file data.cif (mmCIF, C-alpha atoms)
data_data
loop_
_atom_site.label_atom_id
_atom_site.label_comp_id
_atom_site.auth_asym_id
_atom_site.auth_seq_id
_atom_site.Cartn_x
_atom_site.Cartn_y
_atom_site.Cartn_z
CA MET A 298 0.00 0.00 0.00
CA ARG A 299 2.86 2.39 0.82
CA THR A 300 4.42 1.76 -2.60
CA LEU A 301 1.15 2.51 -4.37
CA LEU A 302 0.58 5.75 -2.46
CA LYS A 303 4.16 6.89 -3.06
CA ARG A 304 3.97 6.30 -6.80
CA ALA A 305 0.41 7.62 -7.07
CA LEU A 306 1.18 10.91 -5.28
CA PRO A 307 2.06 12.92 -8.44
CA PHE A 308 -1.14 11.76 -10.14
CA ALA A 309 -3.21 12.53 -7.03
CA VAL A 310 -1.75 16.04 -6.86
CA LEU A 311 -2.59 16.61 -10.52
CA ALA A 312 -6.14 15.29 -10.03
CA THR A 313 -6.61 17.53 -6.98
CA GLN A 314 -5.48 20.57 -8.96
CA LEU A 315 -7.97 19.70 -11.66
CA VAL A 316 -10.81 19.41 -9.15
CA ILE A 317 -10.13 22.68 -7.36
CA SER A 318 -9.43 24.71 -10.49
CA PRO A 319 -12.21 27.16 -11.44
CA GLN A 320 -12.72 25.40 -14.79
CA ALA A 321 -13.23 21.99 -13.15
CA ARG A 322 -15.45 22.85 -10.20
CA ALA A 323 -18.51 21.77 -12.16
CA ALA A 324 -16.86 18.49 -13.17
CA THR A 325 -18.05 15.05 -12.16
CA TYR A 326 -15.56 12.80 -10.40
CA TYR A 327 -15.54 9.34 -8.91
CA GLY A 328 -12.84 7.32 -7.19
CA ARG A 329 -12.14 4.32 -5.00
CA ILE A 330 -9.18 3.08 -2.98
CA THR A 331 -8.90 -0.62 -2.12
CA SER A 332 -6.30 -2.63 -0.25
CA GLY A 333 -6.17 -6.23 0.89
CA GLY A 334 -4.40 -9.55 0.90
CA PHE A 335 -4.80 -13.23 -0.02
CA VAL A 336 -3.24 -16.25 1.70
CA SER A 337 -3.39 -19.94 0.81
CA LYS A 338 -1.84 -23.03 2.42
CA GLU A 339 -1.87 -26.50 0.86
CA THR A 340 -1.00 -29.53 2.97
CA PHE A 341 -0.54 -32.89 1.24
CA ALA A 342 -1.08 -36.24 2.90
CA HIS A 343 1.88 -37.63 0.92
CA ALA A 344 4.98 -35.70 -0.14
CA SER A 345 4.99 -34.23 -3.65
CA ASP A 346 8.51 -33.58 -5.03
CA GLY A 347 9.75 -33.96 -1.48
CA GLN A 348 7.35 -31.31 -0.13
CA THR A 349 4.20 -31.71 1.95
CA SER A 350 3.02 -28.10 1.70
CA ASN A 351 2.63 -25.25 -0.78
CA ASP A 352 2.01 -21.72 0.48
CA PHE A 353 0.94 -18.52 -1.25
CA LEU A 354 0.69 -15.00 0.16
CA THR A 355 0.06 -11.74 -1.67
CA ALA A 356 -0.97 -8.20 -0.76
CA SER A 357 -2.37 -5.65 -3.21
CA ALA A 358 -3.73 -2.12 -3.41
CA ARG A 359 -5.55 -0.10 -6.03
CA LEU A 360 -6.31 3.56 -6.71
CA PHE A 361 -8.98 4.37 -9.30
CA TYR A 362 -9.95 7.95 -10.10
CA ARG A 363 -12.05 9.35 -12.95
CA ILE A 364 -12.99 12.98 -13.53
CA SER A 365 -15.26 13.94 -16.43
CA ASP A 366 -17.07 16.97 -17.88
CA LEU A 367 -13.88 19.02 -17.69
CA GLY A 368 -14.19 22.39 -19.46
CA ASP A 369 -16.34 23.20 -22.44
CA SER A 370 -15.10 20.11 -24.31
CA LYS A 371 -16.22 17.74 -21.51
CA VAL A 372 -12.81 16.05 -21.31
CA GLU A 373 -12.51 12.88 -19.20
CA THR A 374 -9.37 11.76 -17.32
CA THR A 375 -8.96 8.27 -15.80
CA ILE A 376 -6.23 6.98 -13.46
CA ASP A 377 -6.09 3.29 -12.44
CA LEU A 378 -2.96 2.29 -10.48
CA ARG A 379 -2.31 -1.09 -8.84
CA ASP A 380 0.45 -2.50 -6.66
CA LYS A 381 0.91 -6.16 -5.73
CA ASN A 382 3.47 -7.91 -3.55
CA ASP A 383 3.90 -11.70 -3.88
CA PHE A 384 5.76 -12.85 -0.77
CA PHE A 385 6.73 -16.27 -2.21
CA ASP A 386 7.22 -15.36 -5.87
CA LYS A 387 10.99 -15.12 -6.47
CA LEU A 388 13.49 -17.95 -6.00
CA ASP A 389 16.62 -16.95 -4.08
CA ARG A 390 19.02 -19.64 -5.36
CA GLU A 391 21.78 -18.79 -2.87
CA ARG A 392 19.57 -19.31 0.17
CA LEU A 393 17.26 -21.85 -1.57
CA LEU A 394 14.04 -20.12 -0.54
CA LEU A 395 11.31 -18.01 -2.05
CA THR A 396 11.41 -14.25 -1.49
CA SER A 397 8.97 -11.46 -2.21
CA LYS A 398 8.47 -9.65 -5.51
CA ASN A 399 6.68 -6.32 -5.86
CA THR A 400 4.78 -5.41 -9.04
CA PHE A 401 3.48 -1.92 -9.69
CA GLN A 402 1.42 -1.25 -12.78
CA ALA A 403 -0.62 1.54 -14.30
CA ARG A 404 -3.73 -0.19 -15.64
CA GLN A 405 -5.03 3.05 -17.11
CA LEU A 406 -3.69 6.59 -17.55
CA SER A 407 -5.77 8.31 -20.20
CA ILE A 408 -7.39 11.51 -21.38
CA ALA A 409 -10.56 11.08 -23.42
CA LEU A 410 -12.94 13.22 -25.42
CA PRO A 411 -16.23 11.25 -25.22
CA ASN A 412 -18.13 13.92 -27.19
CA ASN A 413 -21.42 12.09 -26.67
CA ARG A 414 -23.35 14.68 -28.70
CA GLY A 415 -20.92 15.04 -31.59
CA PRO A 416 -19.63 12.77 -34.39
CA LEU A 417 -15.95 12.52 -33.35
CA TYR A 418 -14.56 10.97 -30.17
CA GLY A 419 -11.14 9.77 -29.04
CA ILE A 420 -8.73 8.86 -26.27
CA ILE A 421 -4.96 8.93 -25.72
CA GLY A 422 -2.68 7.32 -23.13
CA ARG A 423 -2.92 3.80 -21.70
CA PHE A 424 -6.47 2.48 -21.80
CA PRO A 425 -8.55 -0.67 -22.33
CA VAL A 426 -10.62 -1.14 -25.48
CA SER A 427 -13.66 -2.99 -24.13
CA GLU A 428 -15.26 -3.28 -27.59
CA ALA A 429 -12.27 -5.34 -28.77
CA GLY A 430 -12.18 -7.88 -25.96
CA PRO A 431 -9.19 -8.19 -23.59
CA VAL A 432 -7.07 -5.46 -25.24
CA HIS A 433 -5.03 -2.60 -23.73
CA VAL A 434 -3.26 0.11 -25.72
CA ASP A 435 -0.41 2.52 -25.07
CA GLY A 436 -1.41 4.92 -27.81
CA ALA A 437 -4.57 6.46 -29.18
CA GLU A 438 -8.08 5.75 -30.44
CA ALA A 439 -10.16 7.82 -32.87
CA GLY A 440 -13.84 7.15 -33.54
CA LEU A 441 -16.69 8.45 -35.66
CA ARG A 442 -20.43 8.29 -34.98
CA TRP A 443 -21.90 7.80 -38.43
CA SER A 444 -25.45 7.94 -37.09
CA PRO A 445 -27.24 7.78 -33.73
CA THR A 446 -27.20 3.96 -34.01
CA PHE A 447 -23.79 3.22 -35.57
CA ARG A 448 -20.22 4.15 -34.67
CA ALA A 449 -16.77 2.88 -35.64
CA SER A 450 -13.25 3.39 -34.39
CA VAL A 451 -9.58 2.62 -35.04
CA PHE A 452 -6.89 2.35 -32.35
CA GLY A 453 -3.21 1.59 -32.18
CA GLY A 454 0.07 1.94 -30.29
CA TYR A 455 2.34 -0.18 -28.13
CA ASN A 456 0.91 -3.35 -26.59
CA PRO A 457 1.34 -3.35 -22.78
CA GLU A 458 -0.40 -6.71 -22.24
CA ARG A 459 1.49 -9.68 -23.68
CA PRO A 460 0.58 -13.33 -22.91
CA ASP A 461 4.04 -14.00 -21.44
CA GLN A 462 3.65 -11.17 -18.89
CA THR A 463 1.52 -11.22 -15.75
CA SER A 464 1.05 -7.44 -15.56
CA LEU A 465 0.81 -4.44 -17.89
CA GLN A 466 4.24 -3.13 -18.90
CA TYR A 467 5.83 -0.67 -21.30
CA ASN A 468 6.77 -2.80 -24.34
CA PRO A 469 8.30 -0.69 -27.13
CA ASP A 470 8.98 -3.87 -29.15
CA SER A 471 5.27 -4.81 -29.20
CA GLN A 472 2.50 -3.11 -31.15
CA VAL A 473 -1.27 -3.46 -31.30
CA LEU A 474 -3.57 -2.20 -34.06
CA GLY A 475 -7.28 -2.70 -34.46
CA ALA A 476 -10.71 -1.43 -35.41
CA TYR A 477 -14.26 -2.02 -34.23
CA ALA A 478 -17.82 -1.16 -35.23
CA VAL A 479 -20.83 -0.90 -32.92
CA LEU A 480 -24.49 -1.14 -33.95
CA GLN A 481 -27.01 -0.13 -31.28
CA PRO A 482 -30.50 0.78 -32.52
CA LYS A 483 -32.76 2.82 -30.29
CA PRO A 484 -34.47 0.48 -27.79
CA GLY A 485 -38.11 -0.31 -28.46
CA GLU A 486 -40.88 -0.78 -25.94
CA SER A 487 -40.02 -4.47 -25.50
CA THR A 488 -36.85 -5.00 -27.55
CA TYR A 489 -33.17 -4.14 -27.24
CA PHE A 490 -30.26 -4.92 -29.56
CA TYR A 491 -26.51 -4.34 -29.34
CA MET A 492 -23.65 -5.72 -31.45
CA ASN A 493 -20.00 -4.92 -31.86
CA ASN A 494 -17.33 -6.53 -34.04
CA ALA A 495 -13.58 -5.95 -33.75
CA ALA A 496 -10.44 -7.04 -35.58
CA VAL A 497 -7.11 -6.84 -33.73
CA VAL A 498 -3.51 -7.60 -34.71
CA GLN A 499 -0.69 -7.80 -32.16
CA ARG A 500 2.98 -7.77 -33.25
CA VAL A 501 6.21 -8.52 -31.40
CA SER A 502 9.67 -7.62 -32.77
CA GLY A 503 8.35 -7.15 -36.29
CA HIS A 504 6.31 -10.36 -36.65
CA THR A 505 2.58 -10.98 -36.12
CA ASP A 506 2.09 -12.67 -32.77
CA ARG A 507 -1.71 -12.75 -32.80
CA LEU A 508 -4.57 -11.85 -35.13
CA PHE A 509 -8.13 -12.28 -33.86
CA TRP A 510 -11.75 -11.29 -34.35
CA ALA A 511 -14.03 -10.44 -31.41
CA ASN A 512 -17.82 -10.23 -31.34
CA HIS A 513 -20.32 -9.33 -28.63
CA PHE A 514 -24.09 -9.08 -29.05
CA VAL A 515 -27.22 -8.81 -26.93
CA TYR A 516 -30.79 -9.23 -28.12
CA ARG A 517 -33.70 -8.87 -25.68
CA TRP A 518 -37.38 -9.21 -26.42
CA LYS A 519 -40.35 -9.24 -24.08
CA SER A 520 -38.01 -8.75 -21.11
CA PRO A 521 -36.47 -10.78 -19.52
CA ASN A 522 -36.19 -13.05 -22.61
CA SER A 523 -32.74 -12.57 -24.15
CA VAL A 524 -29.86 -14.05 -26.15
CA THR A 525 -26.29 -12.98 -25.35
CA GLY A 526 -23.12 -13.95 -27.17
CA LEU A 527 -19.39 -13.33 -26.74
CA PHE A 528 -16.79 -14.75 -29.17
CA ASN A 529 -13.02 -14.50 -29.72
CA PHE A 530 -11.68 -16.34 -32.78
CA ASP A 531 -7.93 -16.42 -33.51
CA PHE A 532 -6.40 -16.63 -37.01
CA VAL A 533 -2.72 -16.27 -35.99
CA PRO A 534 -0.72 -18.16 -34.75
CA ARG A 535 -3.39 -20.69 -35.76
CA SER A 536 -7.10 -20.75 -36.45
CA TYR A 537 -9.03 -21.74 -33.33
CA LEU A 538 -11.84 -20.58 -31.07
CA GLN A 539 -10.16 -19.02 -28.07
CA PHE A 540 -13.36 -18.18 -26.18
CA ALA A 541 -17.07 -18.41 -26.87
CA SER A 542 -20.18 -17.97 -24.77
CA LEU A 543 -23.78 -18.16 -25.95
CA SER A 544 -26.63 -17.80 -23.46
CA TRP A 545 -30.38 -17.98 -24.11
CA PHE A 546 -32.88 -17.14 -21.37
CA GLN A 547 -36.56 -17.80 -22.03
CA GLU A 548 -39.58 -17.36 -19.77
CA TRP A 549 -42.13 -19.79 -21.19
CA LEU A 550 -44.92 -19.16 -18.69
CA LYS A 551 -45.14 -16.90 -15.66
CA GLY A 552 -42.67 -18.33 -13.17
CA ARG A 553 -41.34 -21.02 -15.54
CA SER A 554 -38.12 -20.40 -17.41
CA SER A 555 -35.05 -22.02 -18.94
CA THR A 556 -31.45 -20.98 -19.53
CA VAL A 557 -29.24 -22.61 -22.15
CA ASN A 558 -25.49 -21.91 -22.02
CA LEU A 559 -22.89 -22.99 -24.59
CA THR A 560 -19.26 -22.24 -23.71
CA ALA A 561 -15.85 -22.95 -25.19
CA PHE A 562 -12.46 -21.76 -23.95
CA ASP A 563 -8.75 -22.42 -24.26
CA VAL A 564 -6.10 -23.68 -21.84
CA ILE A 565 -5.60 -20.32 -20.10
CA GLN A 566 -9.30 -19.90 -19.32
CA TYR A 567 -9.53 -23.55 -18.23
CA SER A 568 -6.75 -23.06 -15.65
CA ARG A 569 -8.69 -20.12 -14.19
CA ARG A 570 -11.96 -22.05 -13.94
CA GLN A 571 -10.98 -25.59 -12.92
CA GLY A 572 -12.00 -26.88 -9.51
CA VAL A 573 -9.75 -26.32 -6.52
CA LEU A 574 -9.30 -30.09 -6.01
CA GLU A 575 -8.90 -30.95 -9.71
CA THR A 576 -5.43 -32.29 -10.60
CA LEU A 577 -5.74 -32.74 -14.38
CA PRO A 578 -3.56 -30.51 -16.59
CA PRO A 579 -5.43 -27.64 -18.30
CA SER A 580 -7.05 -28.36 -21.66
CA PRO A 581 -9.28 -26.62 -24.20
CA TYR A 582 -12.85 -27.29 -23.10
CA ARG A 583 -16.38 -27.27 -24.51
CA GLU A 584 -19.59 -27.39 -22.44
CA ALA A 585 -23.35 -27.24 -22.87
CA ALA A 586 -25.59 -26.52 -19.88
CA LEU A 587 -29.34 -26.31 -19.26
CA ARG A 588 -31.15 -24.89 -16.24
CA LEU A 589 -34.91 -25.14 -15.71
CA ARG A 590 -36.74 -23.08 -13.09
CA HIS A 591 -40.26 -23.37 -11.76
CA ARG A 592 -41.40 -20.69 -9.36
CA MET A 593 -43.85 -22.38 -7.02
CA ASN A 594 -44.69 -19.25 -4.98
CA SER A 595 -43.17 -15.94 -3.93
CA VAL A 596 -40.62 -17.76 -1.76
CA THR A 597 -39.76 -21.11 -3.36
CA THR A 598 -38.31 -21.94 -6.79
CA MET A 599 -37.44 -25.47 -7.94
CA ASN A 600 -34.27 -25.83 -10.06
CA LEU A 601 -33.10 -28.58 -12.40
CA ASN A 602 -29.55 -28.35 -13.80
CA PHE A 603 -27.82 -30.43 -16.48
CA SER A 604 -24.42 -29.97 -18.09
CA HIS A 605 -22.07 -31.93 -20.33
CA GLY A 606 -18.46 -31.01 -21.10
CA LEU A 607 -15.52 -32.34 -23.12
CA ARG A 608 -11.77 -31.80 -22.73
CA LEU A 609 -10.17 -31.64 -26.17
CA ASN A 610 -6.64 -32.75 -25.21
CA ASP A 611 -7.58 -36.16 -23.83
CA LEU A 612 -11.31 -36.41 -24.78
CA LEU A 613 -12.31 -36.90 -21.14
CA GLN A 614 -15.97 -36.03 -20.50
CA ARG A 615 -17.97 -34.71 -17.56
CA THR A 616 -21.75 -34.94 -17.16
CA GLU A 617 -23.59 -33.44 -14.19
CA LEU A 618 -27.23 -33.52 -13.08
CA SER A 619 -28.56 -31.75 -9.99
CA ALA A 620 -31.90 -30.60 -8.61
CA GLY A 621 -33.21 -28.76 -5.59
CA PRO A 622 -35.08 -25.74 -4.26
CA SER A 623 -34.02 -22.13 -3.76
CA PHE A 624 -35.69 -19.83 -1.27
CA LEU A 625 -35.88 -16.04 -1.41
CA GLN A 626 -36.67 -14.21 1.84
CA PHE A 627 -38.06 -17.44 3.29
CA ILE A 628 -37.59 -16.62 6.99
CA SER A 629 -37.54 -12.86 6.61
CA ARG A 630 -36.56 -10.51 3.84
CA HIS A 631 -32.95 -10.85 5.01
CA PHE A 632 -32.53 -14.57 4.21
CA SER A 633 -32.00 -16.59 1.02
CA ALA A 634 -30.94 -20.19 0.51
CA GLU A 635 -30.42 -22.88 -2.10
CA ALA A 636 -29.88 -26.65 -1.84
CA LEU A 637 -28.96 -29.09 -4.62
CA LEU A 638 -28.52 -32.85 -4.68
CA GLY A 639 -26.67 -34.19 -7.68
CA TYR A 640 -24.63 -36.81 -9.51
CA ARG A 641 -21.53 -36.09 -11.57
CA ARG A 642 -19.93 -38.47 -14.02
CA ASN A 643 -16.60 -36.71 -13.71
CA PHE A 644 -13.51 -36.88 -15.93
CA THR A 645 -11.86 -39.63 -13.87
CA SER A 646 -14.41 -40.39 -11.13
CA ARG A 647 -18.07 -40.86 -10.27
CA ASP A 648 -19.35 -38.28 -7.76
CA THR A 649 -22.47 -37.95 -5.65
CA PHE A 650 -22.73 -34.55 -3.98
CA PHE A 651 -24.84 -32.17 -1.92
CA ARG A 652 -24.42 -28.42 -2.49
CA PHE A 653 -25.86 -25.61 -0.38
CA ASP A 654 -25.84 -21.81 -0.22
CA LEU A 655 -27.15 -19.76 2.70
CA GLY A 656 -27.13 -15.96 2.78
CA TRP A 657 -28.13 -13.26 5.23
CA TYR A 658 -28.33 -9.63 4.07
CA SER A 659 -29.02 -6.41 5.94
CA ARG A 660 -28.31 -2.78 5.23
CA PHE A 661 -24.76 -2.94 6.59
CA TRP A 662 -23.95 -6.68 6.59
CA GLU A 663 -23.79 -9.45 3.99
CA ILE A 664 -22.94 -12.96 5.17
CA ASN A 665 -22.82 -15.97 2.86
CA PHE A 666 -22.02 -19.57 3.75
CA ASN A 667 -21.84 -22.19 1.01
CA GLY A 668 -20.26 -25.54 0.39
CA GLU A 669 -20.31 -28.96 -1.17
CA ALA A 670 -19.86 -32.42 0.35
CA GLY A 671 -19.83 -35.70 -1.52
CA ILE A 672 -18.47 -39.12 -2.29
CA ARG A 673 -15.95 -39.45 -5.14
CA VAL A 674 -15.31 -42.95 -6.48
CA GLU A 675 -12.24 -43.38 -8.69
CA PRO A 676 -12.68 -46.77 -10.45
CA GLY A 677 -9.87 -49.13 -9.51
CA LEU A 678 -8.13 -46.54 -7.31
CA SER A 679 -9.82 -45.15 -4.22
CA THR A 680 -12.91 -43.56 -2.71
CA LEU A 681 -12.62 -39.99 -1.49
CA HIS A 682 -14.95 -37.77 0.54
CA PRO A 683 -14.29 -34.18 -0.61
CA VAL A 684 -15.70 -31.32 1.46
CA LEU A 685 -15.55 -27.67 0.33
CA THR A 686 -16.85 -24.82 2.49
CA GLU A 687 -16.60 -21.06 2.22
CA LEU A 688 -17.66 -18.23 4.51
CA GLY A 689 -17.84 -14.69 3.15
CA ILE A 690 -18.58 -11.53 5.12
CA ALA A 691 -19.01 -7.95 3.92
CA HIS A 692 -19.63 -4.94 6.13
CA PHE A 693 -20.47 -1.38 5.10
CA PHE A 694 -19.10 0.97 7.73
CA SER A 695 -20.75 3.77 5.75
CA LYS A 696 -21.91 4.27 2.16
CA GLY A 697 -18.34 4.96 1.13
CA PHE A 698 -16.23 2.72 3.40
CA TYR A 699 -16.59 -1.06 3.35
CA GLY A 700 -14.69 -4.24 4.11
CA THR A 701 -14.95 -7.85 2.92
CA ALA A 702 -13.39 -11.09 4.12
CA SER A 703 -13.62 -14.71 3.07
CA ILE A 704 -12.19 -18.05 4.16
CA GLN A 705 -12.37 -21.29 2.18
CA ASP A 706 -11.46 -24.83 3.12
CA ALA A 707 -11.15 -27.68 0.60
CA TRP A 708 -10.40 -31.14 1.96
CA ASP A 709 -10.18 -34.75 0.90
CA GLU A 710 -8.01 -37.68 1.95
CA ARG A 711 -5.10 -36.45 -0.21
CA VAL A 712 -4.87 -32.70 0.41
CA ASN A 713 -6.19 -29.90 2.59
CA ILE A 714 -6.27 -26.37 1.13
CA VAL A 715 -7.12 -23.42 3.38
CA SER A 716 -7.28 -19.96 1.82
CA GLY A 717 -8.67 -16.57 2.66
CA PHE A 718 -8.66 -12.92 1.74
CA VAL A 719 -9.50 -9.59 3.30
CA LYS A 720 -10.14 -6.28 1.52
CA PHE A 721 -11.02 -2.74 2.56
CA GLY A 722 -12.33 -0.13 0.18
CA TYR A 723 -13.35 3.51 0.16
CA ARG A 724 -15.56 5.11 -2.51
CA PHE A 725 -15.86 8.84 -3.05
CA GLY A 726 -17.20 11.20 -5.67
CA SER A 727 -19.20 14.29 -6.53
CA GLN A 728 -22.40 12.23 -6.75
CA ASP A 729 -23.89 10.07 -4.05
CA VAL A 730 -23.16 6.35 -4.24
CA ALA A 731 -25.97 3.84 -4.78
CA PRO A 732 -28.16 3.20 -1.72
CA LEU A 733 -27.33 0.14 0.36
CA ARG A 734 -29.60 -2.87 -0.09
CA ASP A 735 -31.64 -3.92 2.95
CA GLY A 736 -32.64 -7.44 2.02
CA ALA A 737 -31.71 -10.58 0.11
CA PRO A 738 -31.07 -10.10 -3.62
CA PRO A 739 -33.12 -12.18 -6.10
CA ARG A 740 -31.51 -15.34 -7.47
CA GLY A 741 -31.22 -15.60 -11.25
CA HIS A 742 -33.96 -14.04 -13.38
CA LEU A 743 -36.84 -14.89 -11.06
#
call {"tool": "encode", "arguments": {"input": "data.cif", "output": "structure tokens"}}
result
Amino acid sequence: MRTLLKRALPFAVLATQLVISPQARAATYYGRITSGGFVSKETFAHASDGQTSNDFLTASARLFYRISDLGDSKVETTIDLRDKNDFFDKLDRERLLLTSKNTFQARQLSIALPNNRGPLYGIIGRFPVSEAGPVHVDGAEAGLRWSPTFRASVFGGYNPERPDQTSLQYNPDSQVLGAYAVLQPKPGESTYFYMNNAAVVQRVSGHTDRLFWANHFVYRWKSPNSVTGLFNFDFVPRSYLQFASLSWFQEWLKGRSSTVNLTAFDVIQYSRRQGVLETLPPSPYREAALRLRHRMNSVTTMNLNFSHGLRLNDLLQRTELSAGPSFLQFISRHFSAEALLGYRRNFTSRDTFFRFDLGWYSRFWEINFNGEAGIRVEPGLSTLHPVLTELGIAHFFSKGFYGTASIQDAWDERVNIVSGFVKFGYRFGSQDVAPLRDGAPPRGHL
């Protein structure tokens, strides 16, 4: 946190000068400061590579500040700075132990001209291009609104986000160039449509490292019925579907609905999503899922879930079926709960499990306790009894100051993994923050 504040001080001074200057007193600004840490400890029943434990500890901080409507041109400035310290990241070969490594990065430092009422808009600095998928640019973007429903843009500069780097950096040997187009007709009484397409090329040391197409669309009719899609297709270094998500929600009758999800992702996304007790190496993955809901009354909804997935590297399959009720404000308006009983024909095992989720919500507190317990049979090997539990707590000291904490325990006969995090945040701005909720949030679309 000290490192972040020290490096952020010049930007904070500049932002303060902008706010107190006569030209910027009518500006709109918003900011948040967060700081916290994450710790994890793995203990193995049998030594792995001569070790029976694997520990992880990191601390991080973030400063986000955005000021808009500056001057007659309505200029917008955004600052997003982050600092992270991994205490067991670097290997000290002389002492044969892991030491800490500190990483400071500027996620965004940009000046933009949104020009929402005019045809031309643009931005310079370091900024994300959300319309082009996971892309950051050290450079500039220039766009043109051809009509109230259609706009297009080109962007380019150095590429600060390479796959071989874990944080944004200044990379003068890497370039990114792209363009996107957005179609967004005026919403009707019961319909809404949005679509954007983008083409992006990323180069390193003079050769094309990646060329991909990104698409995102939303179509809604007779709300809440909707279809949503998100696709990233790579052409270089090879032609393959890096990520795809297609979701269709349909309310057939009042209180009866279905959700169909089709997903596909590569090795990187698989490693981020795989279960905490899964030991298989990451693989490209495809999955289809169906969820049926029947709202029995204002409190109880019955759920039926089915999914089937395939790993492309080894063709292992996983099929899961579960069913159970969910309850909204069933004891009072502060409570919600869900319980599921299911069977999973897993990649290398056959699992029977019980999953639960219990939440309590008030104006200043949110407490959630969830978990899963089951029996895992590995044919010809062993029978395990995995248990996963997690307790999460959030407290709002005021509308602007809040804290969250969570602890998770994952256990079976082979390994025990205990992890937790704590975070404190402060929000501030020229406009009041959203009012605090005083009750349990609805689950899903119903």
call {"tool": "residues_near_point", "arguments": {"input": "data.cif", "point": "(-39.4, -23.5, -17.1)", "cutoff": "6 Å", "atoms": "only C-alpha atoms", "output": "list in words"}}
result
Arg553, Ser554, Ser555, Leu589, Arg590 and His591 of chain A
call {"tool": "resolve_selection", "arguments": {"input": "data.cif", "expression": "the PyMOL selection byres ((chain A and resi 604) around 12)", "output": "compact mmCIF listing (two decimals) with C-alpha atoms, in the coordinates of the input"}}
result
# COMPACT_ATOMS: atom_id res chain seq x y z
CA THR A 556 -31.45 -20.98 -19.53
CA VAL A 557 -29.24 -22.61 -22.15
CA ASN A 558 -25.49 -21.91 -22.02
CA LEU A 559 -22.89 -22.99 -24.59
CA THR A 560 -19.26 -22.24 -23.71
CA ARG A 583 -16.38 -27.27 -24.51
CA GLU A 584 -19.59 -27.39 -22.44
CA ALA A 585 -23.35 -27.24 -22.87
CA ALA A 586 -25.59 -26.52 -19.88
CA LEU A 587 -29.34 -26.31 -19.26
CA ARG A 588 -31.15 -24.89 -16.24
CA LEU A 589 -34.91 -25.14 -15.71
CA LEU A 601 -33.10 -28.58 -12.40
CA ASN A 602 -29.55 -28.35 -13.80
CA PHE A 603 -27.82 -30.43 -16.48
CA HIS A 605 -22.07 -31.93 -20.33
CA GLY A 606 -18.46 -31.01 -21.10
CA LEU A 607 -15.52 -32.34 -23.12
CA GLN A 614 -15.97 -36.03 -20.50
CA ARG A 615 -17.97 -34.71 -17.56
CA THR A 616 -21.75 -34.94 -17.16
CA GLU A 617 -23.59 -33.44 -14.19
CA LEU A 618 -27.23 -33.52 -13.08
CA SER A 619 -28.56 -31.75 -9.99
CA GLY A 639 -26.67 -34.19 -7.68
CA TYR A 640 -24.63 -36.81 -9.51
CA ARG A 641 -21.53 -36.09 -11.57
CA ARG A 642 -19.93 -38.47 -14.02
CA ASN A 643 -16.60 -36.71 -13.71
call {"tool": "atom_distance", "arguments": {"input": "data.cif", "atom1": "CA of Phe384 (chain A)", "atom2": "CA of Ile704 (chain A)"}}
result
19.3 Å
call {"tool": "resolve_selection", "arguments": {"input": "data.cif", "expression": "the PyMOL selection byres ((chain A and resi 507-524) around 7)", "output": "ChimeraX atom specification"}}
result
/A:429-430,487-500,505-506,525-534,544-548
call {"tool": "residues_around", "arguments": {"input": "data.cif", "residues": "Asp377 (chain A)", "least_positions_apart": "4", "cutoff": "9 Å", "atoms": "only C-alpha atoms", "output": "PyMOL selection string"}}
result
chain A and resi 359-363+402-406
call {"tool": "atom_distance", "arguments": {"input": "data.cif", "atom1": "CA of Ser397 (chain A)", "atom2": "CA of Thr355 (chain A)"}}
result
8.9 Å
call {"tool": "residues_around", "arguments": {"input": "data.cif", "residues": "Ser659 (chain A)", "least_positions_apart": "4", "cutoff": "10 Å", "atoms": "only C-alpha atoms", "output": "compact mmCIF listing (two decimals) with C-alpha atoms, keeping the file's coordinate frame"}}
result
# COMPACT_ATOMS: atom_id res chain seq x y z
CA ARG A 630 -36.56 -10.51 3.84
CA HIS A 631 -32.95 -10.85 5.01
CA PHE A 632 -32.53 -14.57 4.21
CA GLU A 663 -23.79 -9.45 3.99
CA ILE A 664 -22.94 -12.96 5.17
CA HIS A 692 -19.63 -4.94 6.13
CA PHE A 693 -20.47 -1.38 5.10
CA LEU A 733 -27.33 0.14 0.36
CA ARG A 734 -29.60 -2.87 -0.09
CA ASP A 735 -31.64 -3.92 2.95
CA GLY A 736 -32.64 -7.44 2.02
CA ALA A 737 -31.71 -10.58 0.11
call {"tool": "closest_residue", "arguments": {"input": "data.cif", "among": "A:Thr340, A:Ser536, A:Thr325, A:Thr645", "to": "Ala707 (chain A)", "atoms": "only C-alpha atoms"}}
result
A:Thr340
call {"tool": "closest_residue", "arguments": {"input": "data.cif", "among": "A:Asn600, A:Ser695, A:Ser595, A:Ser646", "to": "Gly671 (chain A)", "atoms": "all atoms listed in the file"}}
result
A:Ser646
call {"tool": "residues_around", "arguments": {"input": "data.cif", "residues": "Gly697 (chain A)", "least_positions_apart": "2", "cutoff": "9 Å", "atoms": "only C-alpha atoms", "output": "VMD selection string"}}
result
chain A and resid 329 693 to 695 699 722 to 725 730
call {"tool": "residues_around", "arguments": {"input": "data.cif", "residues": "Trp708 (chain A)", "least_positions_apart": "4", "cutoff": "10 Å", "atoms": "all atoms listed in the file", "output": "ChimeraX atom specification"}}
result
/A:339-340,573-574,670,681-686,712-715
call {"tool": "closest_residue", "arguments": {"input": "data.cif", "among": "A:Ala731, A:Val434, A:Leu678, A:Ala561", "to": "Lys696 (chain A)", "atoms": "all atoms listed in the file"}}
result
A:Ala731
call {"tool": "atom_distance", "arguments": {"input": "data.cif", "atom1": "CA of Met599 (chain A)", "atom2": "CA of Pro738 (chain A)"}}
result
17.2 Å
